[in-house]
$ cat run-v3.cif   # mmCIF, C-alpha atoms
data_my_file
loop_
_atom_site.label_atom_id
_atom_site.label_comp_id
_atom_site.auth_asym_id
_atom_site.auth_seq_id
_atom_site.Cartn_x
_atom_site.Cartn_y
_atom_site.Cartn_z
CA MET A 1 -19.16 -20.16 4.05
CA ILE A 2 -15.57 -19.46 4.96
CA SER A 3 -14.91 -16.92 7.67
CA ILE A 4 -12.54 -14.35 6.28
CA GLY A 5 -12.30 -12.42 9.57
CA ALA A 6 -8.86 -13.76 10.38
CA ILE A 7 -7.89 -14.06 6.72
CA ALA A 8 -8.46 -10.56 5.30
CA ALA A 9 -8.84 -7.31 7.16
CA LEU A 10 -7.73 -4.47 5.01
CA LEU A 11 -8.11 -0.79 4.02
CA CYS A 12 -5.18 1.30 5.15
CA VAL A 13 -1.56 0.20 5.32
CA ALA A 14 1.48 1.94 6.76
CA ILE A 15 4.76 0.07 6.45
CA THR A 16 7.92 1.01 8.29
CA THR A 17 11.20 -0.82 7.77
CA HIS A 18 13.40 -0.98 10.88
CA LEU A 19 16.48 -3.06 11.65
CA GLY A 20 16.75 -6.26 9.64
CA ALA A 21 13.57 -7.07 7.77
CA ILE A 22 10.89 -5.94 10.23
CA GLN A 23 7.79 -4.31 8.75
CA THR A 24 4.61 -3.02 10.39
CA LEU A 25 1.33 -3.05 8.45
CA THR A 26 -2.03 -1.73 9.65
CA TYR A 27 -5.18 -2.92 7.90
CA THR A 28 -8.91 -2.27 8.28
CA ARG A 29 -11.62 -4.63 7.09
CA GLU A 30 -15.09 -3.29 6.16
CA LYS A 31 -18.17 -5.50 6.13
CA GLY A 32 -21.77 -4.40 6.53
CA GLY A 33 -20.68 -0.92 7.57
CA VAL A 34 -18.41 -2.23 10.35
CA GLU A 35 -14.66 -1.64 10.26
CA ILE A 36 -12.02 -3.70 12.07
CA SER A 37 -8.38 -2.65 12.14
CA THR A 38 -5.48 -5.08 12.45
CA THR A 39 -1.78 -4.28 12.73
CA TYR A 40 0.70 -6.89 11.51
CA THR A 41 4.37 -6.99 12.47
CA ILE A 42 6.44 -9.02 9.99
CA ASN A 43 9.87 -10.19 11.09
CA LYS A 44 12.01 -12.05 8.58
CA GLU A 45 14.64 -14.09 10.42
CA ASN A 46 16.93 -16.08 8.13
CA ASP A 47 14.62 -18.64 6.50
CA HIS A 48 11.51 -17.86 8.58
CA TYR A 49 8.75 -15.25 8.64
CA LEU A 50 7.35 -14.50 12.09
CA ILE A 51 4.15 -12.47 11.78
CA GLU A 52 1.94 -11.15 14.56
CA GLY A 53 -1.45 -9.53 13.93
CA VAL A 54 -3.08 -7.50 16.68
CA ALA A 55 -6.65 -6.18 16.57
CA LYS A 56 -8.94 -4.79 19.25
CA ASP A 57 -10.55 -8.16 19.99
CA GLN A 58 -8.06 -10.73 18.69
CA THR A 59 -4.46 -11.66 17.98
CA THR A 60 -2.95 -13.86 15.31
CA LYS A 61 0.54 -15.37 15.23
CA ILE A 62 1.91 -16.86 12.03
CA GLU A 63 5.13 -18.75 11.36
CA SER A 64 6.21 -19.54 7.82
CA LEU A 65 9.25 -20.65 5.88
CA VAL A 66 10.79 -18.37 3.23
CA PRO A 67 9.53 -18.20 0.52
CA TYR A 68 6.10 -18.26 2.09
CA SER A 69 5.20 -21.78 3.27
CA LEU A 70 2.97 -21.83 6.33
CA LEU A 71 4.06 -23.78 9.42
CA SER A 72 1.66 -22.54 12.11
CA PHE A 73 -1.29 -20.21 12.60
CA VAL A 74 -2.48 -19.32 16.11
CA PHE A 75 -5.63 -17.29 16.81
CA THR A 76 -6.67 -15.96 20.22
CA SER A 77 -9.78 -13.93 21.02
CA LYS A 78 -9.53 -11.13 23.58
CA LYS A 79 -13.27 -10.96 24.25
CA ASN A 80 -14.10 -14.62 24.86
CA GLN A 81 -12.43 -18.04 25.10
CA ASP A 82 -12.27 -18.66 21.35
CA GLN A 83 -8.81 -19.84 20.31
CA TYR A 84 -7.20 -22.30 17.95
CA THR A 85 -3.76 -23.52 16.93
CA LEU A 86 -3.07 -24.91 13.47
CA THR A 87 0.27 -26.59 12.75
CA LEU A 88 1.69 -28.34 9.70
CA LYS A 89 4.42 -30.96 10.14
CA ASP A 90 5.53 -33.57 7.62
CA GLY A 91 2.46 -32.90 5.49
CA VAL A 92 0.00 -33.36 8.37
CA LEU A 93 -2.16 -30.40 9.40
CA THR A 94 -3.32 -30.59 13.03
CA ALA A 95 -6.02 -28.25 14.38
CA GLU A 96 -6.80 -27.83 18.08
CA GLY A 97 -9.03 -25.21 19.68
CA GLN A 98 -12.33 -23.98 21.02
CA MET A 99 -14.98 -21.95 19.21
CA LYS A 100 -18.19 -20.74 20.87
CA GLY A 101 -17.61 -23.02 23.83
CA VAL A 102 -17.15 -26.13 21.69
CA LYS A 103 -13.79 -27.89 21.72
CA LEU A 104 -12.62 -28.83 18.22
CA HIS A 105 -9.94 -31.15 16.91
CA ALA A 106 -9.08 -32.23 13.38
CA VAL A 107 -6.19 -33.79 11.47
CA TYR A 108 -5.71 -33.58 7.69
CA THR A 109 -3.06 -34.71 5.23
CA ILE A 110 -1.95 -32.01 2.78
CA PRO A 111 -0.90 -33.66 -0.52
CA LYS A 112 2.45 -32.73 -2.04
CA ASN A 113 0.72 -31.26 -5.09
CA SER A 114 -1.24 -28.86 -2.87
CA ARG A 115 -0.40 -26.47 -0.04
CA TRP A 116 -1.98 -25.05 3.10
CA ILE A 117 -2.93 -21.36 3.01
CA GLN A 118 -4.83 -19.75 5.90
CA GLU A 119 -4.77 -16.07 4.95
CA PHE A 120 -4.44 -14.05 1.76
CA GLU A 121 -2.32 -11.09 2.87
CA PHE A 122 0.84 -13.18 2.56
CA GLY A 123 -0.30 -16.67 1.62
CA LEU A 124 -0.36 -16.18 -2.17
CA LEU A 125 3.21 -14.84 -2.34
CA PRO A 126 4.55 -18.08 -3.95
CA LEU A 127 2.07 -17.64 -6.81
CA LEU A 128 2.78 -13.92 -7.22
CA ILE A 129 6.56 -14.30 -7.49
CA SER A 130 6.42 -17.30 -9.84
CA LYS A 131 5.55 -17.76 -13.49
CA SER A 132 2.78 -20.17 -12.56
CA LYS A 133 -0.73 -19.20 -13.58
CA SER A 134 -2.48 -20.95 -10.69
CA ILE A 135 -2.03 -22.93 -7.49
CA ASP A 136 -4.26 -25.37 -5.65
CA PHE A 137 -4.42 -25.14 -1.88
CA GLN A 138 -6.42 -26.11 1.17
CA ILE A 139 -7.83 -23.78 3.81
CA LEU A 140 -9.35 -24.64 7.17
CA ASN A 141 -12.60 -23.05 8.27
CA PRO A 142 -12.05 -22.00 11.91
CA LYS A 143 -15.77 -22.13 12.65
CA ASP A 144 -16.02 -25.91 12.31
CA PHE A 145 -12.47 -27.12 11.45
CA LYS A 146 -13.62 -28.44 8.08
CA ILE A 147 -11.11 -28.12 5.27
CA HIS A 148 -11.88 -26.76 1.82
CA LYS A 149 -10.00 -27.36 -1.44
CA MET A 150 -9.46 -24.15 -3.36
CA SER A 151 -7.69 -22.73 -6.39
CA ALA A 152 -6.09 -19.34 -6.98
CA LYS A 153 -5.72 -18.24 -10.62
CA LYS A 154 -3.93 -15.22 -12.03
CA GLN A 155 -6.00 -13.04 -14.30
CA GLY A 156 -4.86 -9.90 -16.11
CA ILE A 157 -2.72 -6.97 -15.05
CA GLU A 158 -4.96 -3.98 -14.34
CA THR A 159 -4.45 -0.33 -13.53
CA MET A 160 -6.39 0.53 -10.41
CA LYS A 161 -6.59 3.43 -7.99
CA VAL A 162 -6.72 2.81 -4.26
CA GLY A 163 -7.19 6.00 -2.27
CA GLU A 164 -5.07 8.61 -4.02
CA THR A 165 -2.55 6.14 -5.46
CA SER A 166 -2.61 4.33 -8.80
CA TYR A 167 -1.16 0.84 -9.07
CA GLN A 168 -0.41 -1.81 -11.63
CA ALA A 169 -2.22 -4.75 -10.09
CA GLN A 170 -2.13 -8.48 -10.64
CA ALA A 171 -5.73 -9.69 -10.48
CA VAL A 172 -6.31 -13.09 -8.86
CA GLN A 173 -9.50 -15.08 -8.51
CA ILE A 174 -9.91 -17.60 -5.71
CA SER A 175 -12.64 -20.23 -5.85
CA LEU A 176 -13.60 -23.58 -4.41
CA GLN A 177 -12.53 -26.49 -6.57
CA GLY A 178 -14.88 -28.44 -8.80
CA PHE A 179 -18.63 -27.79 -8.95
CA LYS A 180 -18.40 -25.93 -5.62
CA SER A 181 -16.79 -23.03 -7.51
CA MET A 182 -20.34 -21.95 -8.37
CA PHE A 183 -21.04 -21.17 -4.71
CA TRP A 184 -18.11 -18.95 -3.67
CA LYS A 185 -15.45 -16.80 -5.32
CA ALA A 186 -13.16 -14.02 -4.18
CA GLN A 187 -11.49 -11.31 -6.28
CA LEU A 188 -8.11 -10.00 -5.20
CA TRP A 189 -5.61 -7.50 -6.59
CA TYR A 190 -1.91 -7.34 -5.68
CA ASP A 191 0.67 -4.65 -6.40
CA VAL A 192 2.91 -6.11 -9.12
CA ASP A 193 5.97 -4.35 -7.64
CA THR A 194 5.58 -5.02 -3.91
CA HIS A 195 3.19 -8.03 -3.91
CA ALA A 196 1.09 -6.21 -1.32
CA LEU A 197 -2.63 -6.98 -1.35
CA LEU A 198 -4.40 -3.92 -2.74
CA MET A 199 -8.01 -5.02 -2.68
CA TYR A 200 -10.12 -8.02 -1.73
CA LYS A 201 -13.81 -8.57 -2.47
CA ALA A 202 -15.92 -11.56 -1.41
CA ASN A 203 -18.84 -12.62 0.69
CA GLU A 204 -18.98 -15.55 3.11
CA GLY A 205 -21.75 -17.39 1.30
CA PRO A 206 -25.17 -16.76 -0.26
CA HIS A 207 -27.07 -13.76 1.10
CA THR A 208 -24.16 -12.52 3.24
CA PRO A 209 -22.62 -9.02 3.08
CA THR A 210 -19.63 -8.41 0.84
CA THR A 211 -16.31 -7.85 2.56
CA THR A 212 -14.27 -5.23 0.73
CA THR A 213 -10.68 -4.60 1.65
CA SER A 214 -8.25 -2.10 0.19
CA LEU A 215 -4.74 -0.80 0.69
CA ALA A 216 -4.17 2.92 0.90
CA SER A 217 -0.37 3.27 0.67
CA LYS A 218 2.33 1.47 -1.24
CA ALA A 219 4.12 -1.29 0.68
CA ALA A 220 7.76 -2.25 0.66
CA PRO A 221 8.44 -5.54 -1.16
CA ILE A 222 7.66 -8.78 0.66
CA GLU A 223 10.53 -11.12 -0.20
#

$ encode --input "run-v3.cif" --output "structure tokens"
Amino acid sequence: MISIGAIAALLCVAITTHLGAIQTLTYTREKGGVEISTTYTINKENDHYLIEGVAKDQTTKIESLVPYSLLSFVFTSKKNQDQYTLTLKDGVLTAEGQMKGVKLHAVYTIPKNSRWIQEFEFGLLPLLISKSKSIDFQILNPKDFKIHKMSAKKQGIETMKVGETSYQAQAVQISLQGFKSMFWKAQLWYDVDTHALLMYKANEGPHTPTTTTSLASKAAPIE
């Protein structure tokens, strides 16, 4: 189904606040016994977030308005020629890139009653800080540049322990819209105080391994 490799990669987080609003977060994703660590640097400059994610085999650069509204998402592989650039301008999402030697191009219109979200570490912040119970959004599958309509819905507040730390967590369920919701769902939990993603659980389709992500230390607020 949807590749979550660039979207969620989490287990251990260490956040350091420097000058201004710069934070550094290190995550590790576990799937099928394999772990992948990614370090994100978040720089809040006036009305923009500039976020860079660096892993052993890939980099991701994200630009967003404040509060979180995605403008661009750039992925580059370090081990092959896979790369893509996604940009949103005036409600039009343009995707350009190459995956597994195949050049891809797509253009989509994002309706005003929806939004574009490409990752879940930061992308659900507008829902978490609002009184809304749900949001509809669209996400692009980097494997084939097809777009999927999805919904994120708040569930209850739960007490959960991640590593040695207990949290009050806002549970969120993400699913495909309509009848497709039967085929894929993800469960996520966010710290109610900091809005940091605490845990993520989902597979990438029928008969695929579950990706489990978790946060080991409490993050500073993302505002």

$ residues_near_point --input "run-v3.cif" --point "(-16.0, -17.6, 18.8)" --cutoff "12 Å" --atoms "all atoms listed in the file" --output "PDB file with C-alpha atoms, keeping the file's coordinate frame"
ATOM      1  CA  SER A   3     -14.910 -16.920   7.670  1.00  0.00           C
ATOM      2  CA  GLY A   5     -12.300 -12.420   9.570  1.00  0.00           C
ATOM      3  CA  ALA A   6      -8.860 -13.760  10.380  1.00  0.00           C
ATOM      4  CA  ASP A  57     -10.550  -8.160  19.990  1.00  0.00           C
ATOM      5  CA  GLN A  58      -8.060 -10.730  18.690  1.00  0.00           C
ATOM      6  CA  PHE A  75      -5.630 -17.290  16.810  1.00  0.00           C
ATOM      7  CA  THR A  76      -6.670 -15.960  20.220  1.00  0.00           C
ATOM      8  CA  SER A  77      -9.780 -13.930  21.020  1.00  0.00           C
ATOM      9  CA  LYS A  78      -9.530 -11.130  23.580  1.00  0.00           C
ATOM     10  CA  LYS A  79     -13.270 -10.960  24.250  1.00  0.00           C
ATOM     11  CA  ASN A  80     -14.100 -14.620  24.860  1.00  0.00           C
ATOM     12  CA  GLN A  81     -12.430 -18.040  25.100  1.00  0.00           C
ATOM     13  CA  ASP A  82     -12.270 -18.660  21.350  1.00  0.00           C
ATOM     14  CA  GLN A  83      -8.810 -19.840  20.310  1.00  0.00           C
ATOM     15  CA  TYR A  84      -7.200 -22.300  17.950  1.00  0.00           C
ATOM     16  CA  GLY A  97      -9.030 -25.210  19.680  1.00  0.00           C
ATOM     17  CA  GLN A  98     -12.330 -23.980  21.020  1.00  0.00           C
ATOM     18  CA  MET A  99     -14.980 -21.950  19.210  1.00  0.00           C
ATOM     19  CA  LYS A 100     -18.190 -20.740  20.870  1.00  0.00           C
ATOM     20  CA  GLY A 101     -17.610 -23.020  23.830  1.00  0.00           C
ATOM     21  CA  VAL A 102     -17.150 -26.130  21.690  1.00  0.00           C
ATOM     22  CA  LYS A 103     -13.790 -27.890  21.720  1.00  0.00           C
ATOM     23  CA  LEU A 104     -12.620 -28.830  18.220  1.00  0.00           C
ATOM     24  CA  PRO A 142     -12.050 -22.000  11.910  1.00  0.00           C
ATOM     25  CA  LYS A 143     -15.770 -22.130  12.650  1.00  0.00           C
ATOM     26  CA  ASP A 144     -16.020 -25.910  12.310  1.00  0.00           C
TER      27      ASP A 144
END

$ closest_residue --input "run-v3.cif" --among "A:Phe137, A:Thr85, A:Gln168, A:Ser130" --to "A:Ile110" --atoms "all atoms listed in the file"
A:Phe137

$ atom_distance --input "run-v3.cif" --atom1 "atom CA of A:Gly33" --atom2 "atom CA of A:Met150"
28.0 Å

$ closest_atom_pairs --input "run-v3.cif" --of "stretch 107-198 of chain A" --to "stretch 37-53 of chain A" --cutoff "12 Å" --atoms "only C-alpha atoms" --output "tab-separated table"
residue	atom	partner	partner_atom	distance
A:Glu119	CA	A:Gly53	CA	11.6
A:Glu121	CA	A:Tyr40	CA	10.1
A:Phe122	CA	A:Ile51	CA	9.8
A:Gly123	CA	A:Tyr49	CA	11.5

$ resolve_selection --input "run-v3.cif" --expression "the PyMOL selection byres ((chain A and resi 70) around 9)" --output "list in words"
Ile62, Glu63, Ser64, Leu65, Tyr68, Ser69, Leu71, Ser72, Phe73, Thr87, Leu88, Arg115, Trp116, Ile117, Gln118 and Gly123 of chain A

$ closest_residue --input "run-v3.cif" --among "A:Gln23, A:Ser132, A:Ser114, A:Thr28" --to "A:Thr212" --atoms "only C-alpha atoms"
A:Thr28

$ closest_residue --input "run-v3.cif" --among "A:Leu128, A:Leu140, A:Ala95, A:Leu86" --to "A:Val192" --atoms "all atoms listed in the file"
A:Leu128

$ atom_distance --input "run-v3.cif" --atom1 "atom CA of A:Leu93" --atom2 "atom CA of A:Ala55"
25.7 Å

$ axis_aligned_box --input "run-v3.cif" --around "stretch 158-170 of chain A" --padding-each-side "6 Å" --output "lines of an AutoDock Vina configuration file"
center_x = -3.8
center_y = 0.1
center_z = -8.3
size_x = 18.8
size_y = 29.1
size_z = 24.1

$ resolve_selection --input "run-v3.cif" --expression "the PyMOL selection byres ((chain A and resi 107) around 9)" --output "list of chain:residue names"
A:Val92, A:Leu93, A:Thr94, A:Ala95, A:Glu96, A:His105, A:Ala106, A:Tyr108, A:Thr109

$ build_atoms --input "run-v3.cif" --residues "stretch 28-48 of chain A" --atoms "N, CA and C atoms" --output "JSON list (two decimals), keeping the file's coordinate frame"
[["chain", "number", "residue", "atom", "x", "y", "z"],
["A", 28, "THR", "N", -7.54, -2.35, 7.78],
["A", 28, "THR", "CA", -8.91, -2.27, 8.28],
["A", 28, "THR", "C", -9.84, -2.99, 7.33],
["A", 29, "ARG", "N", -10.64, -3.88, 7.88],
["A", 29, "ARG", "CA", -11.62, -4.63, 7.09],
["A", 29, "ARG", "C", -12.99, -3.98, 7.25],
["A", 30, "GLU", "N", -13.74, -3.87, 6.13],
["A", 30, "GLU", "CA", -15.09, -3.29, 6.16],
["A", 30, "GLU", "C", -16.10, -4.32, 5.67],
["A", 31, "LYS", "N", -17.10, -4.58, 6.51],
["A", 31, "LYS", "CA", -18.17, -5.50, 6.13],
["A", 31, "LYS", "C", -19.45, -5.04, 6.80],
["A", 32, "GLY", "N", -20.48, -4.81, 5.99],
["A", 32, "GLY", "CA", -21.77, -4.40, 6.53],
["A", 32, "GLY", "C", -21.70, -3.10, 7.31],
["A", 33, "GLY", "N", -20.81, -2.20, 6.89],
["A", 33, "GLY", "CA", -20.68, -0.92, 7.57],
["A", 33, "GLY", "C", -19.81, -0.94, 8.81],
["A", 34, "VAL", "N", -19.26, -2.09, 9.16],
["A", 34, "VAL", "CA", -18.41, -2.23, 10.35],
["A", 34, "VAL", "C", -16.96, -2.34, 9.93],
["A", 35, "GLU", "N", -16.08, -1.60, 10.57],
["A", 35, "GLU", "CA", -14.66, -1.64, 10.26],
["A", 35, "GLU", "C", -13.88, -2.25, 11.42],
["A", 36, "ILE", "N", -12.90, -3.09, 11.08],
["A", 36, "ILE", "CA", -12.02, -3.70, 12.07],
["A", 36, "ILE", "C", -10.58, -3.51, 11.63],
["A", 37, "SER", "N", -9.78, -2.90, 12.48],
["A", 37, "SER", "CA", -8.38, -2.65, 12.14],
["A", 37, "SER", "C", -7.48, -3.72, 12.75],
["A", 38, "THR", "N", -6.47, -4.11, 11.99],
["A", 38, "THR", "CA", -5.48, -5.08, 12.45],
["A", 38, "THR", "C", -4.09, -4.58, 12.07],
["A", 39, "THR", "N", -3.17, -4.65, 13.01],
["A", 39, "THR", "CA", -1.78, -4.28, 12.73],
["A", 39, "THR", "C", -0.92, -5.54, 12.74],
["A", 40, "TYR", "N", -0.20, -5.75, 11.64],
["A", 40, "TYR", "CA", 0.70, -6.89, 11.51],
["A", 40, "TYR", "C", 2.15, -6.44, 11.64],
["A", 41, "THR", "N", 2.92, -7.18, 12.40],
["A", 41, "THR", "CA", 4.37, -6.99, 12.47],
["A", 41, "THR", "C", 5.02, -8.20, 11.81],
["A", 42, "ILE", "N", 5.81, -7.96, 10.77],
["A", 42, "ILE", "CA", 6.44, -9.02, 9.99],
["A", 42, "ILE", "C", 7.94, -9.00, 10.28],
["A", 43, "ASN", "N", 8.45, -10.09, 10.78],
["A", 43, "ASN", "CA", 9.87, -10.19, 11.09],
["A", 43, "ASN", "C", 10.45, -11.34, 10.28],
["A", 44, "LYS", "N", 11.36, -11.02, 9.38],
["A", 44, "LYS", "CA", 12.01, -12.05, 8.58],
["A", 44, "LYS", "C", 13.34, -12.40, 9.24],
["A", 45, "GLU", "N", 13.43, -13.62, 9.74],
["A", 45, "GLU", "CA", 14.64, -14.09, 10.42],
["A", 45, "GLU", "C", 15.20, -15.27, 9.65],
["A", 46, "ASN", "N", 16.29, -15.03, 8.92],
["A", 46, "ASN", "CA", 16.93, -16.08, 8.13],
["A", 46, "ASN", "C", 15.92, -16.71, 7.17],
["A", 47, "ASP", "N", 15.52, -17.95, 7.42],
["A", 47, "ASP", "CA", 14.62, -18.64, 6.50],
["A", 47, "ASP", "C", 13.19, -18.70, 7.02],
["A", 48, "HIS", "N", 12.84, -17.86, 8.00],
["A", 48, "HIS", "CA", 11.51, -17.86, 8.58],
["A", 48, "HIS", "C", 10.88, -16.47, 8.55]]
